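J.: One structure, pasted below without further comment.
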Number of protein chains: 2
Amino acid sequence: MIKVVLIGAGNVGVNLYKALSNAQGVKLTQWYNRSAINQDDFPITVPTTTQLDAIVTADVYLISVADSAIVSISKALENKEGMIAHTAGSVNIECLKNHHNFGVFYPLQTFSKQKEMDFKTIPLCIEANTSENLALLKSVAAALGGPIHLIDSAQRKALHLAAVFVNNFTNHLYRVGEELCKEHQLPFSILQPLIHETAEKIKSLSPSQAQTGPAIRGDQSVIDDHLQHLTQQSHQQLYTLISAAIQKHG
Amino acid sequence: MIKVVLIGAGNVGVNLYKALSNAQGVKLTQWYNRSAINQDDFPITVPTTTQLDAIVTADVYLISVADSAIVSISKALENKEGMIAHTAGSVNIECLKNHHNFGVFYPLQTFSKQKEMDFKTIPLCIEANTSENLALLKSVAAALGGPIHLIDSAQRKALHLAAVFVNNFTNHLYRVGEELCKEHQLPFSILQPLIHETAEKIKSLSPSQAQTGPAIRGDQSVIDDHLQHLTQQSHQQLYTLISAAIQKHG
């Protein structure tokens, strides 16, 4: 049984806690956070601590903290022989090389504390400094049941960047849609079937095949009309730039 | 039984054909298109024609053609007493006022000929020149089984604009994600669980509540790092503009 200590109780940490504490094949032995974890939100069935020097011995230490805090946590655990792995998209594996056994365990998904995610659908991107450590991380990932990908740090940075486009930036476009609805006394929910279908469509067509709309059609009269009807300058700028990008790609 | 003639066999027209020919409460009596409709793609169970002067008498004529062709179709049907309604998002109802009975029947969804859509999930936005005509269009919409919204031309234009943001522009962001994956020998499918969850999340949270990522966190070191790693200028421009828009809205 692989013993795991989880470090951090942010959005990713809380979701990893819920998944690991229910997983077969791994034993979550402790959960650290710098401040006390609220016991009221969901049942906590493993020992918790707020003291770094109280962290117990384990096979794997999963560090799920803010990017800027990873190195200091890694230093605080320098006396541990077990494997240390962070869960960040854009942090190079090399930042953990003060350890003998280190790696990355990056779940490619957007997390919030309020919504429990099913790890069986979440791609786990793993990387390690040796093939033995990679095998160990693979076993932890396998216990969560989702697809496993061997991804190096350069690829992981590209994935994190792509995730910013398809998640953070897409969400901002949803927000623009919501603002346009509000301006005209329309419920945002009227757009949700379209938003759902847009995300579904690229399971069977590539995004370049799925592209529709006035920009790809070169329908300048609709484009001009739309720009006239946008009242916010930031909406106009987005409209102009994304339309030009669509037309450039063709 | 409401008799309907469908005009046009584009993406919307083909989907309306499939839905109307199976609907209870309306009878699709004829399908017109300027060129012959390919009978091999799916079974066609109603009479078709390519001649405008062969169009039969009906209660409702649904015009599902390119925006720029609506007026000429409307003129060609000037001798018809039945109601004429177009299906376009951004065309004002007034363009049909050469008729006594006119309206708009706008399904808010993205359509392709290859994929049959379930109209029970598609919001139908209707508008008409009289309350009697509105009631008639409402009956046609009800036969398709989805949610019905009374939407005036100004609101519909706003919806069409919002649809460009959440559908066309979002799809372009998916394309950027696909390009970043290809550059690093990664399968685009690895992003699909994230794309799906991004679209799901805004069913329970508003987009402003759901916003995450380096821009909203004000994490300038990640932003700078991302910009350095984007090799295409158009990707850099999008990254900069959308990040600024996210930060402006806060």
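Residues are named by chain letter and number: chains run A, B, ... in the order of the structure tokens, numbers start at 1 in each chain, and ligands are numbered from 1 in the order shown.
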If we count only C-alpha atoms, which residues of chain B reach to within 6 Å of chain A? Please list them as a PDB file with N, CA and C atoms, in the first residue's frame.

T.:
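Below you can see part.pdb, which holds the result:
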```pdb
ATOM      1  N   GLN B 109     -28.899  28.135 -31.678  1.00  0.00           N
ATOM      2  CA  GLN B 109     -28.016  26.972 -31.595  1.00  0.00           C
ATOM      3  C   GLN B 109     -27.081  26.990 -32.795  1.00  0.00           C
ATOM      4  N   GLN B 155     -33.267  42.622 -29.113  1.00  0.00           N
ATOM      5  CA  GLN B 155     -32.770  41.557 -28.222  1.00  0.00           C
ATOM      6  C   GLN B 155     -32.144  40.425 -29.035  1.00  0.00           C
ATOM      7  N   ALA B 162     -23.961  37.799 -28.812  1.00  0.00           N
ATOM      8  CA  ALA B 162     -23.482  36.978 -27.688  1.00  0.00           C
ATOM      9  C   ALA B 162     -23.111  35.584 -28.188  1.00  0.00           C
ATOM     10  N   PHE B 165     -19.679  35.429 -29.588  1.00  0.00           N
ATOM     11  CA  PHE B 165     -18.647  35.339 -28.532  1.00  0.00           C
ATOM     12  C   PHE B 165     -18.570  33.922 -27.952  1.00  0.00           C
ATOM     13  N   VAL B 166     -19.728  33.363 -27.526  1.00  0.00           N
ATOM     14  CA  VAL B 166     -19.662  32.089 -26.781  1.00  0.00           C
ATOM     15  C   VAL B 166     -19.532  30.874 -27.699  1.00  0.00           C
ATOM     16  N   ASN B 167     -19.828  31.049 -28.985  1.00  0.00           N
ATOM     17  CA  ASN B 167     -19.704  29.927 -29.919  1.00  0.00           C
ATOM     18  C   ASN B 167     -18.516  30.126 -30.872  1.00  0.00           C
ATOM     19  N   ASN B 168     -18.592  31.092 -31.780  1.00  0.00           N
ATOM     20  CA  ASN B 168     -17.544  31.260 -32.793  1.00  0.00           C
ATOM     21  C   ASN B 168     -16.189  31.583 -32.157  1.00  0.00           C
ATOM     22  N   THR B 170     -15.240  31.293 -28.914  1.00  0.00           N
ATOM     23  CA  THR B 170     -14.793  30.195 -28.050  1.00  0.00           C
ATOM     24  C   THR B 170     -14.171  29.085 -28.880  1.00  0.00           C
ATOM     25  N   ASN B 171     -14.810  28.766 -30.000  1.00  0.00           N
ATOM     26  CA  ASN B 171     -14.251  27.724 -30.865  1.00  0.00           C
ATOM     27  C   ASN B 171     -12.852  28.100 -31.343  1.00  0.00           C
ATOM     28  N   LEU B 173     -10.702  29.824 -29.636  1.00  0.00           N
ATOM     29  CA  LEU B 173      -9.797  29.543 -28.498  1.00  0.00           C
ATOM     30  C   LEU B 173      -9.495  28.048 -28.403  1.00  0.00           C
ATOM     31  N   TYR B 174     -10.493  27.219 -28.714  1.00  0.00           N
ATOM     32  CA  TYR B 174     -10.227  25.768 -28.768  1.00  0.00           C
ATOM     33  C   TYR B 174      -9.158  25.496 -29.830  1.00  0.00           C
ATOM     34  N   ARG B 175      -9.257  26.217 -30.951  1.00  0.00           N
ATOM     35  CA  ARG B 175      -8.285  26.014 -32.021  1.00  0.00           C
ATOM     36  C   ARG B 175      -6.873  26.385 -31.572  1.00  0.00           C
ATOM     37  N   GLY B 177      -5.825  26.206 -28.551  1.00  0.00           N
ATOM     38  CA  GLY B 177      -5.439  25.085 -27.690  1.00  0.00           C
ATOM     39  C   GLY B 177      -4.942  23.909 -28.500  1.00  0.00           C
ATOM     40  N   HIS B 184       3.600  20.739 -29.426  1.00  0.00           N
ATOM     41  CA  HIS B 184       4.335  19.970 -28.414  1.00  0.00           C
ATOM     42  C   HIS B 184       3.981  18.487 -28.441  1.00  0.00           C
ATOM     43  N   LEU B 194     -11.361  19.240 -19.690  1.00  0.00           N
ATOM     44  CA  LEU B 194     -11.323  20.617 -19.188  1.00  0.00           C
ATOM     45  C   LEU B 194     -12.320  21.509 -19.944  1.00  0.00           C
ATOM     46  N   HIS B 196     -15.023  20.528 -21.424  1.00  0.00           N
ATOM     47  CA  HIS B 196     -16.361  20.115 -21.010  1.00  0.00           C
ATOM     48  C   HIS B 196     -16.724  20.737 -19.652  1.00  0.00           C
ATOM     49  N   THR B 198     -15.464  23.370 -18.206  1.00  0.00           N
ATOM     50  CA  THR B 198     -15.581  24.831 -18.309  1.00  0.00           C
ATOM     51  C   THR B 198     -16.999  25.229 -18.732  1.00  0.00           C
ATOM     52  N   ALA B 199     -17.551  24.466 -19.679  1.00  0.00           N
ATOM     53  CA  ALA B 199     -18.927  24.734 -20.139  1.00  0.00           C
ATOM     54  C   ALA B 199     -19.963  24.310 -19.091  1.00  0.00           C
ATOM     55  N   PRO B 207     -20.362  33.215 -14.911  1.00  0.00           N
ATOM     56  CA  PRO B 207     -18.992  33.270 -15.436  1.00  0.00           C
ATOM     57  C   PRO B 207     -18.073  34.155 -14.599  1.00  0.00           C
ATOM     58  N   THR B 212     -11.092  31.860 -13.185  1.00  0.00           N
ATOM     59  CA  THR B 212      -9.841  31.501 -12.499  1.00  0.00           C
ATOM     60  C   THR B 212      -8.675  31.812 -13.431  1.00  0.00           C
ATOM     61  N   GLY B 213      -7.465  31.541 -12.976  1.00  0.00           N
ATOM     62  CA  GLY B 213      -6.297  31.671 -13.830  1.00  0.00           C
ATOM     63  C   GLY B 213      -5.393  32.829 -13.452  1.00  0.00           C
TER      64      GLY B 213
END
```

J.: Least-squares fit on all C-alpha atoms, paired in order: put chain A onto chain B and return it as a CSV table (one decimal) with C-alpha atoms, in the first residue's frame.

T.:
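Output file selection17.csv follows:
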```
chain,number,residue,atom,x,y,z
A,1,MET,CA,-53.0,21.1,-38.4
A,2,ILE,CA,-50.7,24.0,-39.2
A,3,LYS,CA,-49.3,23.7,-42.8
A,4,VAL,CA,-45.7,24.7,-43.1
A,5,VAL,CA,-43.5,25.3,-46.1
A,6,LEU,CA,-39.8,25.3,-45.4
A,7,ILE,CA,-37.5,27.4,-47.6
A,8,GLY,CA,-33.8,26.6,-47.6
A,9,ALA,CA,-31.6,23.6,-47.1
A,10,GLY,CA,-28.5,25.0,-45.4
A,11,ASN,CA,-27.4,24.0,-41.9
A,12,VAL,CA,-30.4,25.4,-40.2
A,13,GLY,CA,-32.8,24.3,-43.0
A,14,VAL,CA,-31.7,20.7,-42.9
A,15,ASN,CA,-32.1,20.5,-39.1
A,16,LEU,CA,-35.5,22.2,-39.3
A,17,TYR,CA,-36.6,19.8,-42.0
A,18,LYS,CA,-35.7,16.8,-39.8
A,19,ALA,CA,-37.5,18.3,-36.7
A,20,LEU,CA,-40.6,19.6,-38.5
A,21,SER,CA,-41.1,16.4,-40.6
A,22,ASN,CA,-41.3,14.4,-37.3
A,23,ALA,CA,-43.3,16.9,-35.3
A,24,GLN,CA,-46.9,16.5,-34.1
A,25,GLY,CA,-49.3,19.4,-34.6
A,26,VAL,CA,-47.6,20.8,-37.8
A,27,LYS,CA,-47.6,19.4,-41.3
A,28,LEU,CA,-44.6,20.1,-43.4
A,29,THR,CA,-46.1,20.2,-46.9
A,30,GLN,CA,-43.2,21.2,-49.1
A,31,TRP,CA,-39.4,22.0,-49.0
A,32,TYR,CA,-37.9,24.5,-51.4
A,33,ASN,CA,-34.3,25.0,-52.1
A,34,ARG,CA,-32.7,26.9,-55.1
A,35,SER,CA,-30.7,23.8,-56.0
A,36,ALA,CA,-31.9,20.2,-55.8
A,37,ILE,CA,-31.7,18.7,-52.3
A,38,ASN,CA,-29.5,15.6,-52.2
A,39,GLN,CA,-31.9,12.7,-51.6
A,40,ASP,CA,-29.0,10.4,-50.6
A,41,ASP,CA,-28.1,12.0,-47.3
A,42,PHE,CA,-31.3,11.2,-45.4
A,43,PRO,CA,-34.8,10.2,-46.3
A,44,ILE,CA,-37.0,13.0,-47.6
A,45,THR,CA,-40.6,12.4,-47.0
A,46,VAL,CA,-42.2,15.7,-48.3
A,47,PRO,CA,-42.4,17.1,-51.8
A,48,THR,CA,-39.4,19.3,-52.8
A,49,THR,CA,-39.0,22.0,-55.4
A,50,THR,CA,-36.4,24.3,-56.8
A,51,GLN,CA,-39.0,26.7,-58.4
A,52,LEU,CA,-40.2,29.6,-56.3
A,53,ASP,CA,-43.4,29.9,-58.4
A,54,ALA,CA,-44.2,26.2,-57.5
A,55,ILE,CA,-44.4,26.9,-53.8
A,56,VAL,CA,-47.8,25.7,-52.5
A,57,THR,CA,-50.2,27.5,-50.2
A,58,ALA,CA,-49.5,27.2,-46.5
A,59,ASP,CA,-50.2,28.7,-43.1
A,60,VAL,CA,-46.5,29.5,-42.4
A,61,TYR,CA,-43.5,29.9,-44.7
A,62,LEU,CA,-40.2,29.5,-42.8
A,63,ILE,CA,-37.3,31.2,-44.7
A,64,SER,CA,-34.0,29.7,-43.7
A,65,VAL,CA,-31.6,31.1,-46.2
A,66,ALA,CA,-28.5,33.4,-46.1
A,67,ASP,CA,-29.2,36.8,-44.5
A,68,SER,CA,-28.6,38.5,-47.8
A,69,ALA,CA,-31.2,36.4,-49.7
A,70,ILE,CA,-34.1,36.9,-47.2
A,71,VAL,CA,-35.5,40.0,-48.9
A,72,SER,CA,-35.6,38.5,-52.4
A,73,ILE,CA,-37.3,35.4,-51.2
A,74,SER,CA,-39.8,37.5,-49.3
A,75,LYS,CA,-40.5,39.5,-52.5
A,76,ALA,CA,-41.0,36.3,-54.5
A,77,LEU,CA,-43.6,35.2,-52.0
A,78,GLU,CA,-45.5,38.5,-52.0
A,79,ASN,CA,-48.7,37.0,-53.4
A,80,LYS,CA,-48.9,34.5,-50.4
A,81,GLU,CA,-51.5,35.3,-47.7
A,82,GLY,CA,-49.9,32.9,-45.1
A,83,MET,CA,-47.4,34.1,-42.6
A,84,ILE,CA,-43.8,34.5,-43.6
A,85,ALA,CA,-41.0,34.2,-41.0
A,86,HIS,CA,-37.2,34.1,-41.3
A,87,THR,CA,-34.9,32.2,-39.0
A,88,ALA,CA,-31.9,34.6,-38.8
A,89,GLY,CA,-30.3,36.0,-35.7
A,90,SER,CA,-29.3,39.4,-36.9
A,91,VAL,CA,-32.0,40.4,-39.5
A,92,ASN,CA,-34.7,42.8,-38.3
A,93,ILE,CA,-38.3,41.7,-38.5
A,94,GLU,CA,-39.1,44.8,-40.5
A,95,CYS,CA,-37.4,43.4,-43.6
A,96,LEU,CA,-40.5,41.3,-44.1
A,97,LYS,CA,-43.1,44.1,-43.8
A,98,ASN,CA,-44.0,43.8,-47.5
A,99,HIS,CA,-46.3,41.0,-46.1
A,100,HIS,CA,-49.4,41.3,-44.0
A,101,ASN,CA,-48.4,38.5,-41.7
A,102,PHE,CA,-44.8,38.2,-40.8
A,103,GLY,CA,-42.4,37.2,-38.0
A,104,VAL,CA,-39.1,35.6,-36.9
A,105,PHE,CA,-38.5,32.0,-35.8
A,106,TYR,CA,-34.9,32.0,-34.5
A,107,PRO,CA,-33.4,28.8,-33.1
A,108,LEU,CA,-30.5,29.8,-30.8
A,109,GLN,CA,-28.0,27.0,-31.5
A,110,THR,CA,-25.1,26.1,-33.8
A,111,PHE,CA,-26.1,23.7,-36.6
A,112,SER,CA,-24.3,21.5,-39.1
A,113,LYS,CA,-25.8,19.2,-41.7
A,114,GLN,CA,-23.9,16.2,-40.4
A,115,LYS,CA,-25.3,16.2,-36.9
A,116,GLU,CA,-29.0,16.1,-36.1
A,117,MET,CA,-29.9,18.3,-33.2
A,118,ASP,CA,-32.6,17.6,-30.6
A,119,PHE,CA,-34.9,20.7,-30.8
A,120,LYS,CA,-36.3,19.8,-27.3
A,121,THR,CA,-33.1,21.5,-25.9
A,122,ILE,CA,-33.0,24.5,-28.3
A,123,PRO,CA,-34.4,27.9,-27.3
A,124,LEU,CA,-36.7,29.2,-30.0
A,125,CYS,CA,-36.8,33.0,-30.1
A,126,ILE,CA,-40.0,34.2,-31.8
A,127,GLU,CA,-41.4,37.6,-32.8
A,128,ALA,CA,-44.4,38.6,-35.0
A,129,ASN,CA,-46.2,41.6,-36.3
A,130,THR,CA,-49.5,40.8,-34.6
A,131,SER,CA,-50.5,38.8,-31.5
A,132,GLU,CA,-52.4,36.4,-33.8
A,133,ASN,CA,-49.3,35.7,-35.8
A,134,LEU,CA,-47.3,35.4,-32.6
A,135,ALA,CA,-49.7,32.7,-31.4
A,136,LEU,CA,-49.3,30.9,-34.7
A,137,LEU,CA,-45.5,30.9,-34.5
A,138,LYS,CA,-45.8,29.8,-30.9
A,139,SER,CA,-47.8,26.8,-32.0
A,140,VAL,CA,-45.1,25.8,-34.6
A,141,ALA,CA,-42.4,26.3,-31.9
A,142,ALA,CA,-44.4,24.3,-29.4
A,143,ALA,CA,-44.5,21.4,-31.9
A,144,LEU,CA,-40.7,21.2,-31.7
A,145,GLY,CA,-40.8,20.8,-27.9
A,146,GLY,CA,-38.1,23.2,-26.8
A,147,PRO,CA,-38.2,26.3,-24.6
A,148,ILE,CA,-39.9,29.3,-26.3
A,149,HIS,CA,-38.9,32.9,-25.8
A,150,LEU,CA,-40.6,36.1,-27.0
A,151,ILE,CA,-37.7,38.1,-28.2
A,152,ASP,CA,-37.8,41.4,-30.1
A,153,SER,CA,-35.4,42.3,-32.9
A,154,ALA,CA,-33.0,44.4,-30.8
A,155,GLN,CA,-32.8,41.6,-28.2
A,156,ARG,CA,-32.3,39.0,-30.9
A,157,LYS,CA,-29.4,41.0,-32.4
A,158,ALA,CA,-27.8,41.1,-28.9
A,159,LEU,CA,-28.3,37.3,-28.6
A,160,HIS,CA,-26.8,36.7,-32.0
A,161,LEU,CA,-23.8,38.9,-30.9
A,162,ALA,CA,-23.5,37.0,-27.7
A,163,ALA,CA,-23.6,33.8,-29.6
A,164,VAL,CA,-20.7,34.9,-31.7
A,165,PHE,CA,-18.7,35.3,-28.5
A,166,VAL,CA,-19.7,32.1,-26.7
A,167,ASN,CA,-19.7,29.9,-29.9
A,168,ASN,CA,-17.6,31.3,-32.8
A,169,PHE,CA,-15.0,33.0,-30.6
A,170,THR,CA,-14.8,30.2,-28.0
A,171,ASN,CA,-14.3,27.7,-30.9
A,172,HIS,CA,-11.3,29.8,-32.0
A,173,LEU,CA,-9.8,29.5,-28.5
A,174,TYR,CA,-10.3,25.8,-28.8
A,175,ARG,CA,-8.3,26.0,-32.0
A,176,VAL,CA,-5.5,27.9,-30.3
A,177,GLY,CA,-5.5,25.1,-27.7
A,178,GLU,CA,-5.3,22.5,-30.5
A,179,GLU,CA,-2.4,24.4,-32.1
A,180,LEU,CA,-0.4,24.6,-28.8
A,181,CYS,CA,-1.0,20.8,-28.4
A,182,LYS,CA,0.3,20.1,-31.9
A,183,GLU,CA,3.4,22.2,-31.4
A,184,HIS,CA,4.3,20.0,-28.5
A,185,GLN,CA,3.2,16.6,-29.9
A,186,LEU,CA,0.2,16.3,-27.6
A,187,PRO,CA,-3.2,15.0,-28.5
A,188,PHE,CA,-6.0,17.7,-28.5
A,189,SER,CA,-8.3,15.2,-26.8
A,190,ILE,CA,-6.3,15.7,-23.5
A,191,LEU,CA,-8.0,19.1,-23.2
A,192,GLN,CA,-11.5,17.9,-23.7
A,193,PRO,CA,-12.4,17.1,-20.1
A,194,LEU,CA,-11.3,20.6,-19.2
A,195,ILE,CA,-13.3,22.1,-22.1
A,196,HIS,CA,-16.4,20.1,-21.0
A,197,GLU,CA,-16.1,21.2,-17.4
A,198,THR,CA,-15.6,24.9,-18.3
A,199,ALA,CA,-18.9,24.7,-20.1
A,200,GLU,CA,-20.6,22.8,-17.3
A,201,LYS,CA,-19.4,25.1,-14.5
A,202,ILE,CA,-21.4,28.1,-15.6
A,203,LYS,CA,-24.6,26.2,-15.1
A,204,SER,CA,-24.1,26.5,-11.4
A,205,LEU,CA,-21.8,29.6,-11.1
A,206,SER,CA,-22.0,32.8,-13.1
A,207,PRO,CA,-19.0,33.3,-15.4
A,208,SER,CA,-17.7,36.1,-13.2
A,209,GLN,CA,-17.7,33.8,-10.2
A,210,ALA,CA,-16.2,30.9,-12.2
A,211,GLN,CA,-13.2,33.0,-13.5
A,212,THR,CA,-9.8,31.5,-12.5
A,213,GLY,CA,-6.3,31.7,-13.8
A,214,PRO,CA,-3.2,33.9,-13.8
A,215,ALA,CA,-5.0,37.0,-15.1
A,216,ILE,CA,-7.7,37.2,-12.4
A,217,ARG,CA,-5.1,36.3,-9.7
A,218,GLY,CA,-2.8,39.1,-11.0
A,219,ASP,CA,0.0,36.5,-11.3
A,220,GLN,CA,2.3,38.6,-13.5
A,221,SER,CA,5.2,36.1,-13.4
A,222,VAL,CA,3.1,33.3,-14.9
A,223,ILE,CA,1.6,35.8,-17.5
A,224,ASP,CA,5.1,36.9,-18.5
A,225,ASP,CA,6.3,33.3,-18.7
A,226,HIS,CA,3.3,32.3,-20.9
A,227,LEU,CA,3.9,35.3,-23.3
A,228,GLN,CA,7.5,34.2,-23.7
A,229,HIS,CA,6.5,30.7,-24.6
A,230,LEU,CA,3.9,31.6,-27.2
A,231,THR,CA,5.5,31.4,-30.6
A,232,GLN,CA,2.7,32.9,-32.7
A,233,GLN,CA,2.1,36.6,-32.6
A,234,SER,CA,-1.7,36.2,-32.9
A,235,HIS,CA,-1.6,33.9,-29.8
A,236,GLN,CA,0.4,36.6,-27.9
A,237,GLN,CA,-2.1,39.3,-29.0
A,238,LEU,CA,-5.1,37.3,-27.8
A,239,TYR,CA,-3.3,36.4,-24.5
A,240,THR,CA,-2.5,40.0,-23.8
A,241,LEU,CA,-5.9,41.4,-24.7
A,242,ILE,CA,-8.1,38.8,-23.0
A,243,SER,CA,-5.9,38.9,-19.8
A,244,ALA,CA,-6.3,42.7,-19.7
A,245,ALA,CA,-10.0,42.4,-20.2
A,246,ILE,CA,-10.2,39.8,-17.3
A,247,GLN,CA,-8.2,42.1,-15.0
A,248,LYS,CA,-10.3,45.2,-15.9
A,249,HIS,CA,-13.5,43.4,-15.0
A,250,GLY,CA,-12.0,42.1,-11.8
```

J.: Name the residues of stretch 32-243 of chain A that come out as strand (DSSP E) in a backbone DSSP run; write them as a compact mmCIF listing (two decimals) with N, CA and C atoms, in the first residue's frame.

T.:
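Listed below is the output, result-v9.txt:
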```
# COMPACT_ATOMS: atom_id res chain seq x y z
N TYR A 32 -1.59 18.04 5.40
CA TYR A 32 -1.03 19.27 5.97
C TYR A 32 -1.64 20.48 5.28
N THR A 48 -4.79 15.57 10.42
CA THR A 48 -4.34 16.79 9.76
C THR A 48 -3.31 17.48 10.64
N THR A 49 -2.53 18.37 10.04
CA THR A 49 -1.57 19.17 10.82
C THR A 49 -1.35 20.51 10.13
N VAL A 60 5.10 8.95 -0.75
CA VAL A 60 4.93 10.08 -1.68
C VAL A 60 4.37 11.28 -0.91
N TYR A 61 4.98 12.46 -1.13
CA TYR A 61 4.47 13.73 -0.60
C TYR A 61 3.95 14.53 -1.79
N LEU A 62 2.65 14.73 -1.83
CA LEU A 62 2.05 15.51 -2.94
C LEU A 62 1.89 16.95 -2.48
N ILE A 63 2.58 17.87 -3.18
CA ILE A 63 2.57 19.28 -2.80
C ILE A 63 1.62 20.04 -3.70
N MET A 83 9.33 10.17 -1.99
CA MET A 83 9.26 10.98 -3.21
C MET A 83 8.42 12.22 -2.99
N ILE A 84 8.90 13.33 -3.54
CA ILE A 84 8.17 14.59 -3.43
C ILE A 84 7.69 14.97 -4.84
N ALA A 85 6.42 15.36 -4.94
CA ALA A 85 5.88 15.69 -6.27
C ALA A 85 4.92 16.87 -6.14
N HIS A 86 5.05 17.86 -7.03
CA HIS A 86 4.09 18.97 -7.01
C HIS A 86 3.00 18.74 -8.06
N PHE A 102 11.93 12.76 -6.96
CA PHE A 102 10.98 13.86 -7.17
C PHE A 102 10.25 13.70 -8.49
N GLY A 103 9.11 14.41 -8.58
CA GLY A 103 8.30 14.30 -9.79
C GLY A 103 7.18 15.33 -9.81
N VAL A 104 6.30 15.17 -10.81
CA VAL A 104 5.16 16.07 -10.97
C VAL A 104 3.91 15.21 -11.17
N PHE A 105 2.82 15.65 -10.59
CA PHE A 105 1.55 14.92 -10.60
C PHE A 105 0.48 15.97 -10.89
N TYR A 106 0.26 16.26 -12.19
CA TYR A 106 -0.56 17.41 -12.61
C TYR A 106 -1.91 16.94 -13.15
N PRO A 107 -2.99 17.18 -12.41
CA PRO A 107 -4.31 16.84 -12.94
C PRO A 107 -4.81 17.99 -13.83
N LEU A 124 -4.28 12.68 -15.88
CA LEU A 124 -3.20 12.93 -14.93
C LEU A 124 -1.87 12.91 -15.67
N CYS A 125 -1.19 14.06 -15.62
CA CYS A 125 0.07 14.22 -16.35
C CYS A 125 1.20 14.02 -15.36
N ILE A 126 2.00 12.96 -15.56
CA ILE A 126 3.05 12.66 -14.58
C ILE A 126 4.43 12.71 -15.22
N GLU A 127 5.41 13.00 -14.35
CA GLU A 127 6.82 13.14 -14.75
C GLU A 127 7.63 12.82 -13.50
N ALA A 128 8.80 12.19 -13.65
CA ALA A 128 9.62 11.90 -12.47
C ALA A 128 11.10 11.86 -12.85
N ILE A 148 -3.83 8.35 -17.80
CA ILE A 148 -2.49 8.77 -17.34
C ILE A 148 -1.65 9.12 -18.56
N HIS A 149 -0.98 10.26 -18.50
CA HIS A 149 -0.11 10.68 -19.60
C HIS A 149 1.29 10.98 -19.07
N LEU A 150 2.31 10.47 -19.76
CA LEU A 150 3.69 10.82 -19.42
C LEU A 150 4.03 12.11 -20.15
```

J.: If DSSP is run on the backbone, what residues of stretch 102-177 of chain B are helix (DSSP H, G or I)? A reply as number ranges by chain would be ideal.

T.: B: 119-121, 131-144, 153-177
